[in-house]
file start.txt (compact mmCIF, C-alpha atoms)
# COMPACT_ATOMS: atom_id res chain seq x y z
CA MET A 1 22.69 91.25 54.51
CA ALA A 2 25.10 88.82 52.90
CA ASP A 3 27.41 90.34 50.36
CA LYS A 4 27.65 87.86 47.51
CA THR A 5 30.40 89.70 45.67
CA TYR A 6 33.01 87.83 47.68
CA LEU A 7 31.65 84.49 46.44
CA SER A 8 30.85 85.40 42.85
CA ASP A 9 34.32 84.50 41.69
CA ILE A 10 36.30 82.48 44.21
CA LYS A 11 39.84 82.41 42.97
CA GLU A 12 42.20 79.61 43.80
CA ILE A 13 45.91 79.04 43.65
CA ARG A 14 46.31 76.51 40.87
CA VAL A 15 48.96 73.91 40.08
CA ASP A 16 49.49 73.68 36.33
CA GLU A 17 52.94 73.08 34.96
CA ASN A 18 51.61 73.48 31.43
CA SER A 19 50.10 76.89 32.00
CA PRO A 20 51.12 79.38 29.29
CA LEU A 21 52.24 81.59 32.19
CA PHE A 22 55.34 79.35 32.45
CA ASP A 23 56.42 80.22 28.90
CA LYS A 24 59.66 82.15 29.41
CA THR A 25 60.06 83.27 25.79
CA GLY A 26 61.31 86.85 25.60
CA MET A 27 61.46 87.34 29.35
CA LEU A 28 64.33 89.02 31.19
CA TYR A 29 66.13 87.06 33.92
CA LYS A 30 67.86 87.74 37.22
CA GLU A 31 68.89 85.47 40.09
CA PHE A 32 69.60 86.31 43.71
CA PRO A 33 71.07 84.61 46.77
CA SER A 34 68.51 84.03 49.53
CA ASP A 35 69.52 87.02 51.61
CA TYR A 36 66.52 88.19 53.65
CA ARG A 37 68.05 91.63 54.23
CA GLN A 38 68.17 92.32 50.51
CA ILE A 39 64.65 91.30 49.45
CA ARG A 40 63.48 94.86 48.81
CA TYR A 41 66.69 95.71 46.98
CA PHE A 42 66.35 92.67 44.70
CA THR A 43 62.75 93.66 44.08
CA LEU A 44 63.80 97.15 43.02
CA LEU A 45 66.29 95.68 40.54
CA ILE A 46 63.39 93.86 38.89
CA VAL A 47 60.74 96.54 39.09
CA GLN A 48 62.97 99.29 37.71
CA SER A 49 62.37 97.95 34.21
CA ALA A 50 58.59 98.39 34.52
CA PRO A 51 56.99 101.44 32.89
CA LEU A 52 55.79 104.06 35.36
CA GLU A 53 52.11 103.73 34.40
CA ILE A 54 51.86 100.13 35.69
CA LYS A 55 53.75 100.73 38.93
CA GLU A 56 50.70 102.27 40.63
CA ILE A 57 53.07 104.21 42.90
CA ASN A 58 54.58 101.16 44.61
CA LEU A 59 51.85 98.50 44.42
CA LEU A 60 53.66 96.49 41.74
CA GLU A 61 56.87 96.65 43.78
CA GLN A 62 55.03 95.51 46.90
CA GLN A 63 53.40 92.56 45.15
CA ILE A 64 56.68 91.42 43.60
CA SER A 65 58.47 91.82 46.92
CA GLU A 66 55.99 89.39 48.55
CA VAL A 67 56.67 86.68 45.98
CA ILE A 68 60.45 87.11 46.24
CA LYS A 69 60.16 87.05 50.03
CA ASN A 70 58.21 83.78 49.86
CA GLY A 71 61.00 82.28 47.73
CA VAL A 72 63.81 83.53 49.97
CA LYS A 73 62.17 82.77 53.29
CA HIS A 74 59.61 79.98 52.92
CA GLY A 75 61.19 78.27 49.91
CA ASN A 76 64.93 78.55 50.51
CA ARG A 77 64.71 79.12 54.28
CA CYS A 78 67.16 82.03 53.89
CA ASP A 79 69.96 79.64 52.91
CA ALA A 80 72.34 82.03 51.09
CA ALA A 81 73.69 79.15 48.99
CA LYS A 82 70.25 78.71 47.44
CA LYS A 83 69.08 80.99 44.67
CA VAL A 84 65.82 82.64 43.84
CA ARG A 85 65.44 82.90 40.06
CA VAL A 86 63.17 85.48 38.52
CA TRP A 87 61.96 85.80 34.92
CA TYR A 88 60.05 88.98 34.19
CA SER A 89 58.48 91.01 31.45
CA PHE A 90 56.68 94.33 31.67
CA ASP A 91 54.98 96.74 29.30
CA SER A 92 52.19 99.29 29.60
CA THR A 93 49.54 96.56 29.49
CA HIS A 94 51.00 93.73 31.56
CA ALA A 95 53.36 92.47 34.25
CA HIS A 96 54.43 88.82 33.93
CA LEU A 97 56.70 87.09 36.43
CA ILE A 98 58.00 83.63 37.19
CA VAL A 99 59.75 83.16 40.53
CA GLN A 100 61.48 79.88 41.33
CA ASP A 101 63.25 78.78 44.50
CA GLU A 102 65.19 75.65 45.48
CA GLY A 103 62.90 74.64 48.32
CA GLU A 104 60.56 71.70 48.91
CA GLY A 105 57.60 73.46 47.34
CA PHE A 106 54.40 74.93 48.77
CA LYS A 107 53.07 71.82 50.53
CA ASP A 108 50.16 73.60 52.19
CA LEU A 109 48.67 74.84 48.93
CA GLU A 110 45.40 72.85 49.28
CA LYS A 111 45.10 73.90 52.92
CA TRP A 112 45.60 77.49 51.85
CA ASN A 113 42.85 77.25 49.21
CA GLU A 114 40.47 75.77 51.76
CA PHE A 115 41.36 78.47 54.28
CA ASN A 116 40.78 81.14 51.65
CA ARG A 117 37.41 79.66 50.66
CA ASN A 118 36.32 79.79 54.32
CA ARG A 119 37.65 83.33 54.60
CA LEU A 120 35.64 84.48 51.58
CA GLU A 121 32.47 82.78 52.88
CA ILE A 122 32.88 84.55 56.20
CA LEU A 123 33.47 87.87 54.44
CA SER A 124 30.36 87.24 52.37
CA ALA A 125 28.33 86.68 55.55
CA GLN A 126 29.99 89.83 57.01
CA ASP A 127 30.71 87.79 60.13
CA PHE A 128 33.49 89.96 61.54
CA GLU A 129 33.65 87.94 64.78
CA ARG A 130 34.63 84.77 62.95
CA LEU A 131 36.74 86.72 60.48
CA SER A 132 39.31 87.18 63.26
CA ASP A 133 40.23 83.51 62.79
CA TYR A 134 40.65 83.94 59.05
CA VAL A 135 42.75 87.08 58.65
CA SER A 136 46.08 85.27 58.74
CA PHE A 137 47.07 81.86 57.33
CA ARG A 138 49.46 80.21 59.78
CA THR A 139 51.46 77.00 59.54
CA GLN A 140 53.78 75.37 62.07
CA LYS A 141 56.64 77.16 60.34
CA SER A 142 55.11 80.66 60.54
CA ASP A 143 56.88 83.20 62.72
CA ASP A 144 55.93 86.60 64.15
CA ASN A 145 57.12 88.44 61.05
CA ASP A 146 54.88 86.44 58.74
CA GLY A 147 51.75 88.43 58.07
CA GLY A 148 50.04 85.33 56.70
CA ASN A 149 48.03 87.52 54.33
CA ALA A 150 50.28 88.11 51.30
CA LEU A 151 48.67 85.48 49.08
CA PHE A 152 45.14 86.79 49.67
CA ALA A 153 46.18 90.06 48.05
CA ALA A 154 48.33 88.28 45.42
CA LEU A 155 45.38 86.28 44.13
CA GLU A 156 43.36 89.48 43.72
CA TYR A 157 46.23 91.53 42.28
CA TRP A 158 47.49 88.99 39.70
CA ASN A 159 44.27 89.04 37.69
CA GLY A 160 45.70 86.96 34.84
CA GLY A 161 46.50 84.01 37.13
CA PHE A 162 48.77 82.81 39.93
CA VAL A 163 49.93 79.28 39.13
CA PHE A 164 52.45 76.86 40.65
CA ASN A 165 54.47 74.19 38.85
CA GLU A 166 54.15 70.49 39.82
CA ALA A 167 57.07 70.76 42.27
CA ARG A 168 55.36 73.83 43.73
CA ASN A 169 58.65 75.68 44.01
CA ALA A 170 57.97 77.98 41.08
CA VAL A 171 55.07 80.34 40.67
CA ALA A 172 54.03 82.20 37.53
CA MET A 173 51.78 85.22 37.60
CA LEU A 174 50.26 87.75 35.26
CA LYS A 175 48.63 91.11 35.80
CA SER A 176 46.88 92.84 32.93
CA PHE A 177 46.37 96.58 33.02
CA PRO A 178 43.55 98.28 31.18
CA GLN A 179 44.74 100.01 28.04
CA LYS A 180 44.40 103.76 28.43
CA LYS A 181 42.01 105.18 25.88
CA HIS A 182 43.35 108.09 23.91
CA ALA A 183 41.11 111.06 23.40
CA ILE A 184 39.74 111.37 19.91
CA GLY A 185 39.98 114.75 18.51
CA MET B 1 60.02 103.92 60.04
CA GLU B 2 59.60 106.41 62.83
CA LEU B 3 56.92 106.26 65.53
CA LYS B 4 55.76 109.24 67.58
CA ILE B 5 53.18 109.26 70.32
CA ARG B 6 51.04 112.25 71.23
CA LYS B 7 48.14 112.54 73.62
CA ASN B 8 44.74 114.07 73.00
CA GLY B 9 42.54 113.76 76.10
CA ASN B 10 42.43 110.05 76.84
CA ASN B 11 43.44 109.15 73.30
CA TYR B 12 46.97 108.20 72.38
CA ILE B 13 47.75 109.01 68.76
CA ILE B 14 50.63 107.06 67.20
CA ASP B 15 51.99 108.85 64.14
CA VAL B 16 53.71 106.36 61.86
CA ASN B 17 56.24 107.87 59.47
CA GLY B 18 57.84 105.91 56.65
CA GLU B 19 57.40 102.41 55.27
CA MET B 20 55.72 99.53 57.11
CA ASP B 21 57.63 96.62 55.65
CA LEU B 22 59.11 93.24 56.49
CA TYR B 23 62.07 94.86 58.26
CA ASN B 24 60.36 97.24 60.64
CA SER B 25 56.66 96.51 61.14
CA TYR B 26 57.41 94.66 64.40
CA LYS B 27 58.34 98.04 65.95
CA LEU B 28 54.74 99.24 65.85
CA LYS B 29 53.57 95.96 67.37
CA GLU B 30 56.12 96.25 70.16
CA LEU B 31 55.21 99.86 70.87
CA VAL B 32 51.49 99.06 71.18
CA MET B 33 52.24 96.08 73.46
CA LYS B 34 54.32 98.36 75.71
CA MET B 35 51.52 100.94 75.78
CA LEU B 36 49.02 98.20 76.71
CA GLU B 37 51.28 97.23 79.63
CA LYS B 38 51.09 100.86 80.71
CA LYS B 39 47.28 100.59 80.66
CA VAL B 40 46.67 102.77 77.61
CA GLU B 41 43.08 102.09 76.52
CA ARG B 42 42.45 104.24 73.45
CA PHE B 43 44.68 104.05 70.40
CA ILE B 44 44.60 106.03 67.18
CA ILE B 45 47.12 104.84 64.60
CA ASN B 46 47.74 107.61 62.07
CA LEU B 47 49.01 106.34 58.71
CA GLU B 48 49.03 109.75 56.99
CA ASN B 49 52.77 109.52 56.37
CA VAL B 50 52.87 105.87 55.34
CA ASP B 51 53.11 105.33 51.57
CA TYR B 52 54.19 101.67 51.56
CA ILE B 53 52.87 98.65 53.40
CA ASP B 54 53.49 94.94 52.82
CA SER B 55 52.04 91.75 54.29
CA SER B 56 54.20 92.11 57.43
CA GLY B 57 52.77 95.60 57.96
CA ILE B 58 49.22 94.34 57.41
CA GLY B 59 50.08 91.46 59.78
CA ALA B 60 51.21 93.92 62.46
CA LEU B 61 47.94 95.86 62.11
CA ILE B 62 45.93 92.61 62.32
CA TYR B 63 47.83 91.56 65.46
CA ILE B 64 47.32 94.96 67.10
CA CYS B 65 43.67 95.10 66.12
CA SER B 66 42.84 91.59 67.36
CA THR B 67 44.75 92.09 70.64
CA ILE B 68 42.94 95.37 71.37
CA LYS B 69 39.55 93.89 70.38
CA LYS B 70 40.08 90.90 72.72
CA MET B 71 40.84 93.30 75.59
CA SER B 72 37.70 95.31 74.74
CA LEU B 73 39.79 98.47 74.38
CA LYS B 74 39.53 101.01 71.57
CA LEU B 75 41.51 101.32 68.35
CA ILE B 76 41.01 103.41 65.25
CA ILE B 77 43.29 103.43 62.22
CA THR B 78 43.16 106.67 60.27
CA ASN B 79 44.39 108.48 57.14
CA ILE B 80 44.83 105.33 55.05
CA HIS B 81 45.57 106.34 51.47
CA GLY B 82 47.27 105.46 48.19
CA SER B 83 48.80 102.02 47.83
CA VAL B 84 48.35 101.32 51.57
CA LYS B 85 44.60 101.53 51.02
CA LYS B 86 44.87 99.38 47.89
CA VAL B 87 46.77 96.62 49.74
CA ILE B 88 44.18 96.59 52.55
CA GLU B 89 41.41 96.46 49.92
CA LEU B 90 43.11 93.60 48.06
CA THR B 91 43.33 91.74 51.38
CA LYS B 92 39.60 92.54 51.93
CA LEU B 93 40.25 93.93 55.40
CA MET B 94 38.59 97.35 55.01
CA GLY B 95 35.60 96.01 56.99
CA TYR B 96 37.75 94.32 59.63
CA PHE B 97 39.84 97.32 60.65
CA PRO B 98 38.13 100.21 62.45
CA ILE B 99 38.96 103.00 59.99
CA THR B 100 38.25 106.73 59.81
CA ASN B 101 39.26 109.36 57.25
CA SER B 102 40.78 111.79 59.72
CA ILE B 103 42.10 112.12 63.26
CA GLU B 104 39.20 114.46 64.11
CA GLU B 105 36.73 111.79 63.01
CA ALA B 106 38.66 109.18 65.02
CA ILE B 107 38.49 111.32 68.17
CA LEU B 108 34.73 111.85 67.69
CA GLN B 109 34.21 108.13 67.22
CA MET B 110 36.18 107.34 70.37
CA GLU B 111 33.54 109.26 72.34
CA ASP B 112 30.67 107.07 71.06

call {"tool": "encode", "arguments": {"input": "start.txt", "output": "structure tokens"}}
result
Amino acid sequence: MADKTYLSDIKEIRVDENSPLFDKTGMLYKEFPSDYRQIRYFTLLIVQSAPLEIKEINLLEQQISEVIKNGVKHGNRCDAAKKVRVWYSFDSTHAHLIVQDEGEGFKDLEKWNEFNRNRLEILSAQDFERLSDYVSFRTQKSDDNDGGNALFAALEYWNGGFVFNEARNAVAMLKSFPQKKHAIG
Amino acid sequence: MELKIRKNGNNYIIDVNGEMDLYNSYKLKELVMKMLEKKVERFIINLENVDYIDSSGIGALIYICSTIKKMSLKLIITNIHGSVKKVIELTKLMGYFPITNSIEEAILQMED
């Protein structure tokens, strides 16, 4: 039987320069050279300022690492002279990031959205044969180390939005965490 | 990341230890490809000691899974937990990967 939950709320990567997610007021800032070997280290420098309760062991780190990797690798093509700039703000209820690279921008964004729509339709139909063709988004520039699946998870994880600027070389994202209820007594 | 192979009947269990990230996930892919060359037909990938996976790690599992499916051989991934499970859930691949909760369950399923 078809599982409609996959289709109930199809999320898309949006382009909206005016999104409030691009408001950098009060955010911390770091910049890094595009050194592929140091992506996880750079990520740790950012994530260390997040409170423990929103880290979900290392899920927050993993999600941030993917976005920094996209900037270093797909945006700046690992050119060490090019920087990845990160604005970030964390508290117990949210994680907000803006990651900007010096690349040409995410040109395949519409193709990605279409691919993801097809993927979700196939998941909804539980058609695992056809799903094989939709587990990894590939472009001519993809290599063997590209999983091609990072943005599927990103769109689910960043529940407050995942939005690119007009040049498509900066992405802003927000994750809201449910406020823990304190026991009354 | 450290990879160890042990044999249980006709099943080859690969114990993965450590993090499956952008720097080392290719090692698991390479190991499975080598085992396929040596005509191994039944794989159990044990992720009990993996607490971190990223899109490269998921990509390696997808590659391994689709290669083994195309060859009509058998693969089971087992002991997925914590944030590894969450990442696979976020990627909506829980139904795509053949998954069991334990090695014992994986071995039983191999016999079906």

call {"tool": "residues_around", "arguments": {"input": "start.txt", "residues": "Ala60 of chain B", "least_positions_apart": "4", "cutoff": "9 Å", "atoms": "only C-alpha atoms", "output": "count of residues only"}}
result
13

call {"tool": "residues_around", "arguments": {"input": "start.txt", "residues": "segment 71-81 of chain A", "least_positions_apart": "2", "cutoff": "9 Å", "atoms": "only C-alpha atoms", "output": "PyMOL selection string"}}
result
chain A and resi 32-36+39+66-69+83-85+99-106+141-142+169-170

call {"tool": "write_last_selection", "arguments": {"input": "start.txt", "atoms": "C-alpha atoms", "output": "PDB file, in the frame of the given file"}}
result
ATOM      1  CA  PHE A  32      69.600  86.310  43.710  1.00  0.00           C
ATOM      2  CA  PRO A  33      71.070  84.610  46.770  1.00  0.00           C
ATOM      3  CA  SER A  34      68.510  84.030  49.530  1.00  0.00           C
ATOM      4  CA  ASP A  35      69.520  87.020  51.610  1.00  0.00           C
ATOM      5  CA  TYR A  36      66.520  88.190  53.650  1.00  0.00           C
ATOM      6  CA  ILE A  39      64.650  91.300  49.450  1.00  0.00           C
ATOM      7  CA  GLU A  66      55.990  89.390  48.550  1.00  0.00           C
ATOM      8  CA  VAL A  67      56.670  86.680  45.980  1.00  0.00           C
ATOM      9  CA  ILE A  68      60.450  87.110  46.240  1.00  0.00           C
ATOM     10  CA  LYS A  69      60.160  87.050  50.030  1.00  0.00           C
ATOM     11  CA  LYS A  83      69.080  80.990  44.670  1.00  0.00           C
ATOM     12  CA  VAL A  84      65.820  82.640  43.840  1.00  0.00           C
ATOM     13  CA  ARG A  85      65.440  82.900  40.060  1.00  0.00           C
ATOM     14  CA  VAL A  99      59.750  83.160  40.530  1.00  0.00           C
ATOM     15  CA  GLN A 100      61.480  79.880  41.330  1.00  0.00           C
ATOM     16  CA  ASP A 101      63.250  78.780  44.500  1.00  0.00           C
ATOM     17  CA  GLU A 102      65.190  75.650  45.480  1.00  0.00           C
ATOM     18  CA  GLY A 103      62.900  74.640  48.320  1.00  0.00           C
ATOM     19  CA  GLU A 104      60.560  71.700  48.910  1.00  0.00           C
ATOM     20  CA  GLY A 105      57.600  73.460  47.340  1.00  0.00           C
ATOM     21  CA  PHE A 106      54.400  74.930  48.770  1.00  0.00           C
ATOM     22  CA  LYS A 141      56.640  77.160  60.340  1.00  0.00           C
ATOM     23  CA  SER A 142      55.110  80.660  60.540  1.00  0.00           C
ATOM     24  CA  ASN A 169      58.650  75.680  44.010  1.00  0.00           C
ATOM     25  CA  ALA A 170      57.970  77.980  41.080  1.00  0.00           C
TER      26      ALA A 170
END

call {"tool": "residues_around", "arguments": {"input": "start.txt", "residues": "segment 66-76 of chain B", "least_positions_apart": "3", "cutoff": "12 Å", "atoms": "all atoms listed in the file", "output": "PDB file with C-alpha atoms, in the frame of the given file"}}
result
ATOM      1  CA  PHE A 128      33.490  89.960  61.540  1.00  0.00           C
ATOM      2  CA  GLU A 129      33.650  87.940  64.780  1.00  0.00           C
ATOM      3  CA  ARG A 130      34.630  84.770  62.950  1.00  0.00           C
ATOM      4  CA  LEU A 131      36.740  86.720  60.480  1.00  0.00           C
ATOM      5  CA  SER A 132      39.310  87.180  63.260  1.00  0.00           C
ATOM      6  CA  ASP A 133      40.230  83.510  62.790  1.00  0.00           C
ATOM      7  CA  TYR A 134      40.650  83.940  59.050  1.00  0.00           C
ATOM      8  CA  VAL A 135      42.750  87.080  58.650  1.00  0.00           C
ATOM      9  CA  SER A 136      46.080  85.270  58.740  1.00  0.00           C
TER      10      SER A 136
ATOM     11  CA  ASN B  10      42.430 110.050  76.840  1.00  0.00           C
ATOM     12  CA  ASN B  11      43.440 109.150  73.300  1.00  0.00           C
ATOM     13  CA  TYR B  12      46.970 108.200  72.380  1.00  0.00           C
ATOM     14  CA  ILE B  13      47.750 109.010  68.760  1.00  0.00           C
ATOM     15  CA  ILE B  14      50.630 107.060  67.200  1.00  0.00           C
ATOM     16  CA  LYS B  29      53.570  95.960  67.370  1.00  0.00           C
ATOM     17  CA  VAL B  32      51.490  99.060  71.180  1.00  0.00           C
ATOM     18  CA  MET B  33      52.240  96.080  73.460  1.00  0.00           C
ATOM     19  CA  MET B  35      51.520 100.940  75.780  1.00  0.00           C
ATOM     20  CA  LEU B  36      49.020  98.200  76.710  1.00  0.00           C
ATOM     21  CA  GLU B  37      51.280  97.230  79.630  1.00  0.00           C
ATOM     22  CA  LYS B  39      47.280 100.590  80.660  1.00  0.00           C
ATOM     23  CA  VAL B  40      46.670 102.770  77.610  1.00  0.00           C
ATOM     24  CA  GLU B  41      43.080 102.090  76.520  1.00  0.00           C
ATOM     25  CA  ARG B  42      42.450 104.240  73.450  1.00  0.00           C
ATOM     26  CA  PHE B  43      44.680 104.050  70.400  1.00  0.00           C
ATOM     27  CA  ILE B  44      44.600 106.030  67.180  1.00  0.00           C
ATOM     28  CA  ILE B  45      47.120 104.840  64.600  1.00  0.00           C
ATOM     29  CA  ASN B  46      47.740 107.610  62.070  1.00  0.00           C
ATOM     30  CA  LEU B  47      49.010 106.340  58.710  1.00  0.00           C
ATOM     31  CA  GLY B  59      50.080  91.460  59.780  1.00  0.00           C
ATOM     32  CA  ALA B  60      51.210  93.920  62.460  1.00  0.00           C
ATOM     33  CA  LEU B  61      47.940  95.860  62.110  1.00  0.00           C
ATOM     34  CA  ILE B  62      45.930  92.610  62.320  1.00  0.00           C
ATOM     35  CA  TYR B  63      47.830  91.560  65.460  1.00  0.00           C
ATOM     36  CA  ASN B  79      44.390 108.480  57.140  1.00  0.00           C
ATOM     37  CA  ILE B  80      44.830 105.330  55.050  1.00  0.00           C
ATOM     38  CA  TYR B  96      37.750  94.320  59.630  1.00  0.00           C
ATOM     39  CA  PHE B  97      39.840  97.320  60.650  1.00  0.00           C
ATOM     40  CA  PRO B  98      38.130 100.210  62.450  1.00  0.00           C
ATOM     41  CA  ILE B  99      38.960 103.000  59.990  1.00  0.00           C
ATOM     42  CA  THR B 100      38.250 106.730  59.810  1.00  0.00           C
ATOM     43  CA  ASN B 101      39.260 109.360  57.250  1.00  0.00           C
ATOM     44  CA  SER B 102      40.780 111.790  59.720  1.00  0.00           C
ATOM     45  CA  ILE B 103      42.100 112.120  63.260  1.00  0.00           C
ATOM     46  CA  GLU B 104      39.200 114.460  64.110  1.00  0.00           C
ATOM     47  CA  GLU B 105      36.730 111.790  63.010  1.00  0.00           C
ATOM     48  CA  ALA B 106      38.660 109.180  65.020  1.00  0.00           C
ATOM     49  CA  ILE B 107      38.490 111.320  68.170  1.00  0.00           C
ATOM     50  CA  LEU B 108      34.730 111.850  67.690  1.00  0.00           C
ATOM     51  CA  GLN B 109      34.210 108.130  67.220  1.00  0.00           C
ATOM     52  CA  MET B 110      36.180 107.340  70.370  1.00  0.00           C
ATOM     53  CA  GLU B 111      33.540 109.260  72.340  1.00  0.00           C
ATOM     54  CA  ASP B 112      30.670 107.070  71.060  1.00  0.00           C
TER      55      ASP B 112
END

call {"tool": "interface_residues", "arguments": {"input": "start.txt", "of": "chain A", "to": "chain B", "cutoff": "7 Å", "atoms": "only C-alpha atoms", "output": "ChimeraX atom specification"}}
result
/A:57-59,62,128,132,145-150,152-153,156-157

call {"tool": "residues_around", "arguments": {"input": "start.txt", "residues": "segment 174-180 of chain A", "least_positions_apart": "4", "cutoff": "9 Å", "atoms": "only C-alpha atoms", "output": "list in words"}}
result
Leu21, Ile54, Ser92, Thr93, His94, Ala95, His96, Leu97, Ile98, Tyr157, Trp158, Asn159, Gly160, Gly161 and Phe162 of chain A
